[in-house]
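Undergrad: My structure is in run.tsv, and what it holds is TSV, C-alpha atoms and all ligand atoms:
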chain	number	residue	atom	x	y	z
A	1	MET	CA	-8.28	11.09	-18.70
A	2	LYS	CA	-9.08	13.72	-21.33
A	3	PHE	CA	-9.69	16.93	-19.35
A	4	CYS	CA	-8.07	18.73	-16.40
A	5	SER	CA	-10.10	18.17	-13.24
A	6	LEU	CA	-9.02	21.60	-11.94
A	7	CYS	CA	-9.72	23.86	-14.95
A	8	SER	CA	-11.47	21.61	-17.58
A	9	ALA	CA	-8.87	22.33	-20.34
A	10	ASN	CA	-7.49	19.47	-22.45
A	11	VAL	CA	-4.68	17.32	-21.07
A	12	VAL	CA	-1.75	15.84	-23.00
A	13	PHE	CA	0.07	12.60	-22.09
A	14	ARG	CA	3.76	13.48	-22.05
A	15	ILE	CA	6.93	13.17	-19.96
A	16	PRO	CA	7.22	16.32	-17.77
A	17	GLU	CA	10.62	18.05	-17.62
A	18	GLY	CA	12.87	16.30	-15.09
A	19	ASP	CA	10.58	13.25	-14.95
A	20	THR	CA	11.02	9.80	-16.50
A	21	LEU	CA	7.43	8.65	-17.16
A	22	PRO	CA	4.61	10.18	-19.21
A	23	ARG	CA	1.87	11.92	-17.19
A	24	TYR	CA	-1.40	13.66	-17.94
A	25	ILE	CA	-0.47	17.37	-18.05
A	26	CYS	CA	-2.99	20.23	-18.37
A	27	THR	CA	-2.42	22.39	-21.47
A	28	ALA	CA	-3.82	25.47	-19.65
A	29	CYS	CA	-2.93	25.39	-15.91
A	30	HIS	CA	-0.01	22.91	-16.40
A	31	GLU	CA	-1.11	20.76	-13.45
A	32	ILE	CA	0.43	17.27	-13.60
A	33	HIS	CA	-2.20	14.61	-12.86
A	34	TYR	CA	-0.33	11.63	-11.38
A	35	GLN	CA	-1.86	8.16	-11.35
A	36	ASN	CA	-0.73	5.70	-8.68
A	37	PRO	CA	-1.39	2.13	-7.54
A	38	LYS	CA	-4.34	1.46	-5.26
A	39	MET	CA	-4.30	-0.48	-2.00
A	40	VAL	CA	-6.78	-3.30	-1.45
A	41	VAL	CA	-7.08	-4.33	2.20
A	42	GLY	CA	-8.79	-7.31	3.76
A	43	CYS	CA	-8.55	-9.98	6.44
A	44	ILE	CA	-8.81	-13.69	7.22
A	45	PRO	CA	-11.61	-13.76	9.84
A	46	GLU	CA	-11.34	-16.80	12.14
A	47	TRP	CA	-13.80	-18.38	14.54
A	48	GLU	CA	-12.30	-21.41	16.28
A	49	ASP	CA	-10.88	-23.43	13.34
A	50	LYS	CA	-13.24	-21.91	10.77
A	51	ILE	CA	-12.73	-19.07	8.25
A	52	LEU	CA	-15.37	-16.57	7.12
A	53	LEU	CA	-15.72	-16.42	3.33
A	54	CYS	CA	-18.00	-14.27	1.15
A	55	ARG	CA	-19.57	-15.21	-2.18
A	56	ARG	CA	-19.31	-12.23	-4.50
A	57	ALA	CA	-22.58	-10.66	-5.72
A	58	ILE	CA	-20.79	-8.22	-8.07
A	59	GLU	CA	-18.42	-8.36	-11.01
A	60	PRO	CA	-15.64	-9.19	-11.47
A	61	ARG	CA	-16.05	-12.87	-10.54
A	62	SER	CA	-19.64	-12.66	-9.36
A	63	GLY	CA	-20.64	-15.99	-7.74
A	64	TRP	CA	-17.05	-16.85	-6.73
A	65	TRP	CA	-15.69	-16.92	-3.16
A	66	THR	CA	-13.39	-14.41	-1.54
A	67	LEU	CA	-12.17	-13.00	1.78
A	68	PRO	CA	-13.62	-9.65	2.87
A	69	ALA	CA	-11.38	-7.06	1.15
A	70	GLY	CA	-11.71	-3.82	-0.76
A	71	PHE	CA	-10.16	-0.49	-1.70
A	72	MET	CA	-8.62	1.47	1.17
A	73	GLU	CA	-10.24	4.89	1.71
A	74	ASN	CA	-8.52	8.20	2.38
A	75	ASN	CA	-7.91	9.01	6.07
A	76	GLU	CA	-7.99	5.48	7.40
A	77	THR	CA	-5.31	3.05	8.58
A	78	LEU	CA	-4.71	-0.35	6.99
A	79	ALA	CA	-6.31	-2.12	9.96
A	80	GLU	CA	-9.33	0.22	9.92
A	81	ALA	CA	-9.78	-0.51	6.21
A	82	ALA	CA	-9.71	-4.27	6.85
A	83	ALA	CA	-12.31	-4.01	9.64
A	84	ARG	CA	-14.55	-1.69	7.59
A	85	GLU	CA	-14.52	-4.00	4.56
A	86	THR	CA	-15.43	-6.96	6.77
A	87	LEU	CA	-18.36	-5.03	8.20
A	88	GLU	CA	-19.51	-3.90	4.72
A	89	GLU	CA	-19.21	-7.25	2.95
A	90	ALA	CA	-20.17	-9.66	5.74
A	91	ASN	CA	-21.87	-7.47	8.40
A	92	ALA	CA	-19.26	-8.98	10.70
A	93	ARG	CA	-17.25	-7.41	13.53
A	94	VAL	CA	-13.63	-8.48	13.90
A	95	THR	CA	-10.55	-7.76	15.97
A	96	ILE	CA	-7.78	-7.14	13.47
A	97	GLY	CA	-4.51	-8.91	14.32
A	98	ASP	CA	-1.08	-9.01	12.68
A	99	LEU	CA	-0.53	-8.24	9.02
A	100	TYR	CA	-0.21	-11.64	7.32
A	101	ALA	CA	0.60	-10.94	3.67
A	102	ILE	CA	1.36	-8.16	1.19
A	103	TYR	CA	1.11	-8.83	-2.55
A	104	SER	CA	2.05	-6.63	-5.51
A	105	LEU	CA	-0.16	-7.00	-8.61
A	106	PRO	CA	1.78	-4.82	-11.06
A	107	HIS	CA	-0.37	-5.62	-14.13
A	108	ILE	CA	-3.40	-4.02	-12.48
A	109	SER	CA	-1.44	-1.51	-10.32
A	110	GLN	CA	-2.75	-2.84	-7.01
A	111	VAL	CA	-1.15	-3.74	-3.69
A	112	TYR	CA	-3.07	-6.22	-1.49
A	113	ALA	CA	-2.69	-6.28	2.31
A	114	LEU	CA	-4.29	-9.15	4.27
A	115	PHE	CA	-4.53	-9.20	8.07
A	116	ARG	CA	-5.22	-12.00	10.52
A	117	ALA	CA	-8.53	-11.39	12.33
A	118	ARG	CA	-10.88	-12.85	14.94
A	119	LEU	CA	-14.65	-12.72	14.63
A	120	LEU	CA	-16.17	-11.13	17.75
A	121	ASP	CA	-19.46	-13.03	17.44
A	122	LEU	CA	-21.49	-15.19	15.06
A	123	ASP	CA	-23.80	-12.37	13.98
A	124	PHE	CA	-22.93	-12.01	10.28
A	125	SER	CA	-24.85	-11.87	7.00
A	126	PRO	CA	-24.27	-10.91	3.35
A	127	GLY	CA	-23.50	-7.21	2.78
A	128	ILE	CA	-24.60	-5.47	-0.41
A	129	GLU	CA	-21.66	-6.85	-2.45
A	130	SER	CA	-22.10	-10.46	-1.22
A	131	SER	CA	-24.75	-13.09	-1.99
A	132	GLU	CA	-23.69	-15.48	0.80
A	133	VAL	CA	-21.37	-15.42	3.83
A	134	LYS	CA	-20.23	-18.71	5.40
A	135	LEU	CA	-17.99	-19.95	8.17
A	136	LEU	CA	-16.02	-22.86	6.69
A	137	SER	CA	-13.59	-25.51	7.95
A	138	GLU	CA	-10.41	-26.06	5.96
A	139	HIS	CA	-11.85	-29.09	4.12
A	140	GLU	CA	-15.02	-27.13	3.24
A	141	ILE	CA	-13.22	-24.22	1.54
A	142	PRO	CA	-14.15	-24.21	-2.20
A	143	TRP	CA	-10.53	-23.90	-3.44
A	144	ASN	CA	-11.57	-24.26	-7.07
A	145	GLU	CA	-14.16	-21.50	-6.75
A	146	MET	CA	-11.97	-18.77	-5.27
A	147	ALA	CA	-12.42	-15.46	-7.10
A	148	PHE	CA	-8.80	-14.32	-7.21
A	149	ARG	CA	-5.34	-15.85	-6.99
A	150	VAL	CA	-4.39	-13.05	-4.55
A	151	ILE	CA	-7.01	-14.49	-2.17
A	152	HIS	CA	-6.48	-18.20	-2.98
A	153	ASP	CA	-2.69	-18.24	-2.60
A	154	PRO	CA	-2.28	-16.56	0.81
A	155	LEU	CA	-5.31	-18.40	2.27
A	156	LYS	CA	-3.90	-21.75	1.10
A	157	ARG	CA	-0.58	-20.87	2.72
A	158	TYR	CA	-2.36	-19.70	5.86
A	159	MET	CA	-4.13	-23.02	6.31
A	160	ALA	CA	-0.91	-24.98	5.74
A	161	GLU	CA	1.06	-22.82	8.17
A	162	ARG	CA	-1.70	-22.95	10.76
A	163	ARG	CA	-1.62	-26.76	10.65
A	164	GLN	CA	2.11	-26.57	11.36
A	165	GLY	CA	1.55	-23.99	14.12
A	166	LYS	CA	3.80	-21.32	12.58
A	167	LEU	CA	2.07	-18.43	10.82
A	168	ALA	CA	4.61	-16.04	9.27
A	169	PHE	CA	4.16	-12.73	7.44
A	170	HIS	CA	5.17	-12.94	3.78
A	171	THR	CA	5.22	-10.86	0.63
A	172	GLY	CA	4.44	-11.98	-2.90
A	173	ILE	CA	3.95	-10.90	-6.49
A	174	ILE	CA	1.08	-11.96	-8.72
A	175	GLU	CA	1.72	-11.32	-12.40
A	176	ARG	CA	-0.76	-11.35	-15.26
A	177	SER	CA	-2.18	-14.82	-15.88
A	178	GLN	CA	-4.98	-16.73	-17.58
A	179	LYS	CA	-7.00	-16.46	-14.39
A	180	PRO	CA	-8.23	-13.05	-13.15
A	181	GLY	CA	-6.15	-10.98	-10.72
B	1	MET	CA	-11.52	18.47	-8.20
B	2	LYS	CA	-13.99	20.72	-10.04
B	3	PHE	CA	-14.45	19.11	-13.46
B	4	CYS	CA	-14.92	15.58	-14.82
B	5	SER	CA	-11.64	14.31	-16.32
B	6	LEU	CA	-13.63	12.22	-18.83
B	7	CYS	CA	-16.15	14.76	-20.18
B	8	SER	CA	-15.17	18.16	-18.61
B	9	ALA	CA	-18.64	18.76	-17.07
B	10	ASN	CA	-18.94	20.00	-13.47
B	11	VAL	CA	-18.65	17.49	-10.62
B	12	VAL	CA	-20.57	17.50	-7.34
B	13	PHE	CA	-19.28	16.10	-4.02
B	14	ARG	CA	-22.02	13.78	-2.78
B	15	ILE	CA	-22.63	10.29	-1.38
B	16	PRO	CA	-23.49	7.99	-4.33
B	17	GLU	CA	-26.48	5.67	-3.94
B	18	GLY	CA	-25.47	2.54	-2.01
B	19	ASP	CA	-22.21	4.13	-0.85
B	20	THR	CA	-21.27	5.53	2.58
B	21	LEU	CA	-18.77	8.31	1.75
B	22	PRO	CA	-19.07	11.43	-0.43
B	23	ARG	CA	-17.33	11.20	-3.84
B	24	TYR	CA	-16.81	13.52	-6.78
B	25	ILE	CA	-19.60	12.61	-9.22
B	26	CYS	CA	-19.93	13.99	-12.76
B	27	THR	CA	-23.21	15.86	-13.36
B	28	ALA	CA	-23.18	14.85	-17.07
B	29	CYS	CA	-21.68	11.36	-17.54
B	30	HIS	CA	-22.25	10.33	-13.86
B	31	GLU	CA	-18.73	8.89	-13.52
B	32	ILE	CA	-17.70	8.53	-9.86
B	33	HIS	CA	-14.15	9.81	-9.34
B	34	TYR	CA	-12.72	7.90	-6.35
B	35	GLN	CA	-9.74	9.20	-4.41
B	36	ASN	CA	-7.54	6.70	-2.58
B	37	PRO	CA	-4.43	6.61	-0.38
B	38	LYS	CA	-1.03	6.60	-2.05
B	39	MET	CA	1.83	4.20	-1.37
B	40	VAL	CA	5.29	5.56	-0.60
B	41	VAL	CA	8.03	2.93	-0.92
B	42	GLY	CA	11.66	3.06	0.12
B	43	CYS	CA	14.51	1.10	1.65
B	44	ILE	CA	17.27	1.06	4.27
B	45	PRO	CA	20.40	0.61	2.11
B	46	GLU	CA	23.24	-1.01	4.07
B	47	TRP	CA	26.96	-1.31	3.35
B	48	GLU	CA	28.76	-3.21	6.12
B	49	ASP	CA	27.50	-1.46	9.29
B	50	LYS	CA	26.67	1.81	7.51
B	51	ILE	CA	23.35	3.19	6.20
B	52	LEU	CA	22.88	5.35	3.10
B	53	LEU	CA	20.97	8.57	3.82
B	54	CYS	CA	19.94	11.39	1.48
B	55	ARG	CA	19.67	15.09	2.31
B	56	ARG	CA	16.51	16.44	0.69
B	57	ALA	CA	16.92	19.15	-1.98
B	58	ILE	CA	13.15	19.68	-2.35
B	59	GLU	CA	10.21	20.65	-0.16
B	60	PRO	CA	8.76	19.50	2.11
B	61	ARG	CA	11.68	19.42	4.60
B	62	SER	CA	14.37	20.57	2.19
B	63	GLY	CA	17.80	20.26	3.87
B	64	TRP	CA	16.66	17.45	6.20
B	65	TRP	CA	17.79	13.82	6.00
B	66	THR	CA	15.79	10.84	4.79
B	67	LEU	CA	16.00	7.31	3.42
B	68	PRO	CA	15.48	6.88	-0.34
B	69	ALA	CA	11.68	6.64	-0.75
B	70	GLY	CA	8.95	7.97	-3.00
B	71	PHE	CA	5.56	7.40	-4.57
B	72	MET	CA	5.01	3.98	-6.09
B	73	GLU	CA	4.27	4.08	-9.85
B	74	ASN	CA	1.64	2.12	-11.75
B	75	ASN	CA	2.76	-1.27	-13.10
B	76	GLU	CA	5.61	-1.87	-10.68
B	77	THR	CA	6.02	-4.12	-7.63
B	78	LEU	CA	6.81	-2.78	-4.15
B	79	ALA	CA	10.41	-4.01	-4.40
B	80	GLU	CA	10.84	-2.46	-7.87
B	81	ALA	CA	9.56	0.85	-6.52
B	82	ALA	CA	12.08	0.76	-3.65
B	83	ALA	CA	14.99	0.02	-6.01
B	84	ARG	CA	13.90	2.69	-8.49
B	85	GLU	CA	13.61	5.38	-5.82
B	86	THR	CA	17.09	4.50	-4.52
B	87	LEU	CA	18.49	4.85	-8.03
B	88	GLU	CA	16.67	8.16	-8.60
B	89	GLU	CA	17.50	9.82	-5.28
B	90	ALA	CA	20.99	8.44	-4.61
B	91	ASN	CA	22.17	7.05	-7.99
B	92	ALA	CA	22.70	3.85	-6.02
B	93	ARG	CA	22.07	0.24	-6.99
B	94	VAL	CA	20.70	-2.07	-4.30
B	95	THR	CA	19.52	-5.63	-3.79
B	96	ILE	CA	16.13	-5.33	-2.13
B	97	GLY	CA	15.65	-7.73	0.80
B	98	ASP	CA	12.74	-8.40	3.16
B	99	LEU	CA	10.00	-5.90	3.84
B	100	TYR	CA	10.90	-4.31	7.19
B	101	ALA	CA	8.03	-1.96	8.06
B	102	ILE	CA	4.62	-0.75	6.93
B	103	TYR	CA	3.15	2.47	8.34
B	104	SER	CA	-0.29	4.01	7.90
B	105	LEU	CA	-0.38	7.83	7.85
B	106	PRO	CA	-4.15	8.39	7.82
B	107	HIS	CA	-4.01	12.22	8.16
B	108	ILE	CA	-2.24	12.48	4.79
B	109	SER	CA	-3.74	9.30	3.26
B	110	GLN	CA	-0.40	7.58	2.71
B	111	VAL	CA	0.94	4.08	3.38
B	112	TYR	CA	4.73	3.75	3.73
B	113	ALA	CA	6.57	0.51	2.95
B	114	LEU	CA	10.28	0.21	3.86
B	115	PHE	CA	12.48	-2.68	2.74
B	116	ARG	CA	15.85	-3.89	3.94
B	117	ALA	CA	18.46	-3.46	1.18
B	118	ARG	CA	22.15	-4.02	0.38
B	119	LEU	CA	24.20	-1.55	-1.65
B	120	LEU	CA	25.85	-3.34	-4.58
B	121	ASP	CA	28.82	-0.94	-4.75
B	122	LEU	CA	30.03	2.42	-3.44
B	123	ASP	CA	29.20	4.30	-6.65
B	124	PHE	CA	26.49	6.71	-5.44
B	125	SER	CA	25.82	10.44	-5.71
B	126	PRO	CA	22.95	12.90	-5.17
B	127	GLY	CA	20.01	12.48	-7.55
B	128	ILE	CA	17.96	15.46	-8.67
B	129	GLU	CA	15.89	15.52	-5.45
B	130	SER	CA	18.92	15.22	-3.11
B	131	SER	CA	21.67	17.71	-2.22
B	132	GLU	CA	23.91	15.16	-0.50
B	133	VAL	CA	24.10	11.37	-0.14
B	134	LYS	CA	26.17	9.83	2.66
B	135	LEU	CA	27.01	6.43	4.11
B	136	LEU	CA	26.74	6.82	7.90
B	137	SER	CA	27.50	4.70	10.97
B	138	GLU	CA	24.82	4.49	13.65
B	139	HIS	CA	26.48	7.19	15.82
B	140	GLU	CA	26.80	9.52	12.79
B	141	ILE	CA	23.07	9.46	11.88
B	142	PRO	CA	21.64	12.98	12.40
B	143	TRP	CA	18.61	11.82	14.41
B	144	ASN	CA	17.49	15.38	15.13
B	145	GLU	CA	17.62	16.32	11.46
B	146	MET	CA	15.48	13.52	10.06
B	147	ALA	CA	12.85	14.85	7.65
B	148	PHE	CA	9.90	12.68	8.71
B	149	ARG	CA	8.82	10.63	11.73
B	150	VAL	CA	7.91	7.79	9.32
B	151	ILE	CA	11.62	7.61	8.42
B	152	HIS	CA	13.04	8.38	11.89
B	153	ASP	CA	10.99	5.86	13.85
B	154	PRO	CA	11.54	2.69	11.78
B	155	LEU	CA	15.24	3.53	11.25
B	156	LYS	CA	15.74	4.03	15.00
B	157	ARG	CA	14.06	0.68	15.63
B	158	TYR	CA	16.13	-0.93	12.89
B	159	MET	CA	19.41	0.16	14.49
B	160	ALA	CA	18.30	-1.05	17.93
B	161	GLU	CA	17.11	-4.41	16.60
B	162	ARG	CA	20.27	-4.85	14.52
B	163	ARG	CA	22.40	-4.36	17.65
B	164	GLN	CA	20.37	-7.15	19.29
B	165	GLY	CA	20.68	-9.32	16.18
B	166	LYS	CA	16.92	-9.71	15.66
B	167	LEU	CA	15.34	-7.66	12.89
B	168	ALA	CA	11.58	-8.19	12.75
B	169	PHE	CA	8.93	-6.85	10.38
B	170	HIS	CA	6.48	-4.51	12.07
B	171	THR	CA	3.55	-2.26	11.29
B	172	GLY	CA	2.82	1.16	12.73
B	173	ILE	CA	0.55	4.20	12.60
B	174	ILE	CA	1.73	7.79	12.52
B	175	GLU	CA	-1.02	10.27	13.36
B	176	ARG	CA	-1.05	14.02	12.85
B	177	SER	CA	1.54	15.75	15.03
B	178	GLN	CA	3.48	18.97	15.50
B	179	LYS	CA	6.25	17.56	13.33
B	180	PRO	CA	5.63	16.89	9.63
B	181	GLY	CA	4.26	13.48	8.55
C	1	ZN	ZN	-5.86	22.61	-15.78
C	2	ZN	ZN	-18.21	13.32	-16.91
What is this file in structure tokens?
Ligand SMILES: [Zn+2]
Ligand SMILES: [Zn+2]
TA:
Amino acid sequence: MKFCSLCSANVVFRIPEGDTLPRYICTACHEIHYQNPKMVVGCIPEWEDKILLCRRAIEPRSGWWTLPAGFMENNETLAEAAARETLEEANARVTIGDLYAIYSLPHISQVYALFRARLLDLDFSPGIESSEVKLLSEHEIPWNEMAFRVIHDPLKRYMAERRQGKLAFHTGIIERSQKPG
Amino acid sequence: MKFCSLCSANVVFRIPEGDTLPRYICTACHEIHYQNPKMVVGCIPEWEDKILLCRRAIEPRSGWWTLPAGFMENNETLAEAAARETLEEANARVTIGDLYAIYSLPHISQVYALFRARLLDLDFSPGIESSEVKLLSEHEIPWNEMAFRVIHDPLKRYMAERRQGKLAFHTGIIERSQKPG
């Protein structure tokens, strides 16, 4: 950020009076431009014992597998965001169930929310950000080709808990690592 | 938003190619300036059977009661945000426990996360955004003077569940209403 989005004057990066962190402050209108973490929302779409996965057609991690998930939009609920992302990335309609996991990713200032979900039918296909969409059994899931740890880890736990018949909401933290996000 | 924060040229509000919602787009450098929901994070600080509440010294709802909560900052986890807000608003140190509730507030594009928490000691006092900080028993909580429904509703549920000895994580939606957010 170099310029004020309200008046186009230069901004400085400085701690405002009474605050504790530096912010972008307009040198003309004195507006403080806060920057905050973003929510990424998705779901684990099930059909019988199978899970719907998408192969990413865009960077980062193009060609790798993921669950349908993306940035939450203004004026929607968490569940609406999860359903919308599933429709956009997999052209699939789901019933969103319980929230299954929340992860903090402080190094990239993101919070991930993943819901349980049920596919309403088998009419799905790759959306614009996917190259392939597949319904996979547990043993078919390409664990070594998952795009992000924040998808891999909760899905792995989900499959283990499902086998034991006790799915439980959990929270987690994913810190910076060799692997992406 | 009127000007591009990267190059100071005018922005237009238009649906980008391949997108579904209008965004602020720079007419010179073509940067798309996305706007996303913000996370508000707080906790329910307990000491024995009492709860720590803050009386707000700032608008909105100055003079009304609330739990310590505020906007999550970049590069922190949800639990860190909850602890930081409690320190800032009540000068109180807590151990953050399980996540207790997540609410979507689509009309103001916010997501609230409330944690269970334990006060570490009785050394607390009003922070800069509070006029009063008090440890209150269930029957002392000023239910009709709570600043926000998103604080009132989960706290009410918390007290009821605690009486029954079964606290359970839940999610909720708070839509636009007569009362503030
Ligand atoms: Zn300005
Ligand atoms: Zn620009």
Undergrad: From the set B:Asp153, B:Glu59, B:Asp123, B:Glu80, which residue has the shortest atom-to-atom contact distance to chain A, counting all atoms listed in the file?
TA: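 Ranking B:Asp153, B:Glu59, B:Asp123, B:Glu80 by distance to chain A, first place goes to B:Glu80.
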Undergrad: May I have a table of the residues of chain A lying at most 12 Å from ligand ZN 1 (chain C), giving each one's closest pair of atoms and their distance in Å to one decimal, counting only C-alpha atoms and all ligand atoms, ordered by chain and ascending residue number, as CSV?
TA:
residue,atom,partner,partner_atom,distance
A:Lys2,CA,C:ZN1,ZN,11.0
A:Phe3,CA,C:ZN1,ZN,7.7
A:Cys4,CA,C:ZN1,ZN,4.5
A:Ser5,CA,C:ZN1,ZN,6.6
A:Leu6,CA,C:ZN1,ZN,5.1
A:Cys7,CA,C:ZN1,ZN,4.1
A:Ser8,CA,C:ZN1,ZN,6.0
A:Ala9,CA,C:ZN1,ZN,5.5
A:Asn10,CA,C:ZN1,ZN,7.6
A:Val11,CA,C:ZN1,ZN,7.6
A:Val12,CA,C:ZN1,ZN,10.7
A:Tyr24,CA,C:ZN1,ZN,10.2
A:Ile25,CA,C:ZN1,ZN,7.9
A:Cys26,CA,C:ZN1,ZN,4.5
A:Thr27,CA,C:ZN1,ZN,6.7
A:Ala28,CA,C:ZN1,ZN,5.2
A:Cys29,CA,C:ZN1,ZN,4.0
A:His30,CA,C:ZN1,ZN,5.9
A:Glu31,CA,C:ZN1,ZN,5.6
A:Ile32,CA,C:ZN1,ZN,8.5
A:His33,CA,C:ZN1,ZN,9.3
Undergrad: To one decimal place in Å, what is the distance between atom CA of B:Phe124 and atom CA of B:Glu76?
TA: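 It comes out at 23.2 Å.
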Undergrad: Could you list the residues in chain B lying within 10 Å of chain A, using only C-alpha atoms, and format the result as an MDAnalysis selection string?
TA: chainID B and resid 1:11 18:21 34:39 71:80 88 98:99 102:111 128 169:175
Undergrad: Which distance in Å separates atom CA of B:Glu145 and atom CA of B:Asp121, to one decimal?
TA: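 Separating atom CA of B:Glu145 from atom CA of B:Asp121 is a distance of 26.2 Å.
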Undergrad: Expressed in Å to a single decimal, how great is the separation between atom CA of B:Thr95 and atom CA of B:Leu167?
TA: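 Separation of atom CA of B:Thr95 and atom CA of B:Leu167: 17.3 Å.
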Undergrad: Determine, counting all atoms listed in the file, which protein, DNA and RNA residues have an atom within 12 Å of an atom of B:Glu129; residues of the same chain fewer than 6 positions away are not included. Present the result as a PyMOL selection string.
TA: (chain A and resi 18-19) or (chain B and resi 54-66+68-70+85-91)
Undergrad: For the point (-14.4, -15.4, 7.3) in file coordinates, what residues are within 10 Å, counting all atoms listed in the file? Give the answer as a PDB file with C-alpha atoms, keeping the file's coordinate frame?
TA:
ATOM      1  CA  CYS A  43      -8.550  -9.980   6.440  1.00  0.00           C
ATOM      2  CA  ILE A  44      -8.810 -13.690   7.220  1.00  0.00           C
ATOM      3  CA  PRO A  45     -11.610 -13.760   9.840  1.00  0.00           C
ATOM      4  CA  GLU A  46     -11.340 -16.800  12.140  1.00  0.00           C
ATOM      5  CA  TRP A  47     -13.800 -18.380  14.540  1.00  0.00           C
ATOM      6  CA  LYS A  50     -13.240 -21.910  10.770  1.00  0.00           C
ATOM      7  CA  ILE A  51     -12.730 -19.070   8.250  1.00  0.00           C
ATOM      8  CA  LEU A  52     -15.370 -16.570   7.120  1.00  0.00           C
ATOM      9  CA  LEU A  53     -15.720 -16.420   3.330  1.00  0.00           C
ATOM     10  CA  CYS A  54     -18.000 -14.270   1.150  1.00  0.00           C
ATOM     11  CA  THR A  66     -13.390 -14.410  -1.540  1.00  0.00           C
ATOM     12  CA  LEU A  67     -12.170 -13.000   1.780  1.00  0.00           C
ATOM     13  CA  PRO A  68     -13.620  -9.650   2.870  1.00  0.00           C
ATOM     14  CA  THR A  86     -15.430  -6.960   6.770  1.00  0.00           C
ATOM     15  CA  ALA A  90     -20.170  -9.660   5.740  1.00  0.00           C
ATOM     16  CA  ALA A  92     -19.260  -8.980  10.700  1.00  0.00           C
ATOM     17  CA  VAL A  94     -13.630  -8.480  13.900  1.00  0.00           C
ATOM     18  CA  ALA A 117      -8.530 -11.390  12.330  1.00  0.00           C
ATOM     19  CA  ARG A 118     -10.880 -12.850  14.940  1.00  0.00           C
ATOM     20  CA  LEU A 119     -14.650 -12.720  14.630  1.00  0.00           C
ATOM     21  CA  PHE A 124     -22.930 -12.010  10.280  1.00  0.00           C
ATOM     22  CA  VAL A 133     -21.370 -15.420   3.830  1.00  0.00           C
ATOM     23  CA  LYS A 134     -20.230 -18.710   5.400  1.00  0.00           C
ATOM     24  CA  LEU A 135     -17.990 -19.950   8.170  1.00  0.00           C
ATOM     25  CA  LEU A 136     -16.020 -22.860   6.690  1.00  0.00           C
TER      26      LEU A 136
END
Undergrad: Using all atoms listed in the file, list the residues that have an atom at most 12 Å from (6.4, 16.4, 13.3), coordinates as in the file, as a list in words.
TA: Pro60, Arg61, Asn144, Glu145, Met146, Ala147, Phe148, Arg149, Val150, Ile151, His152, Asp153, Ile174, Glu175, Arg176, Ser177, Gln178, Lys179, Pro180 and Gly181 of chain B
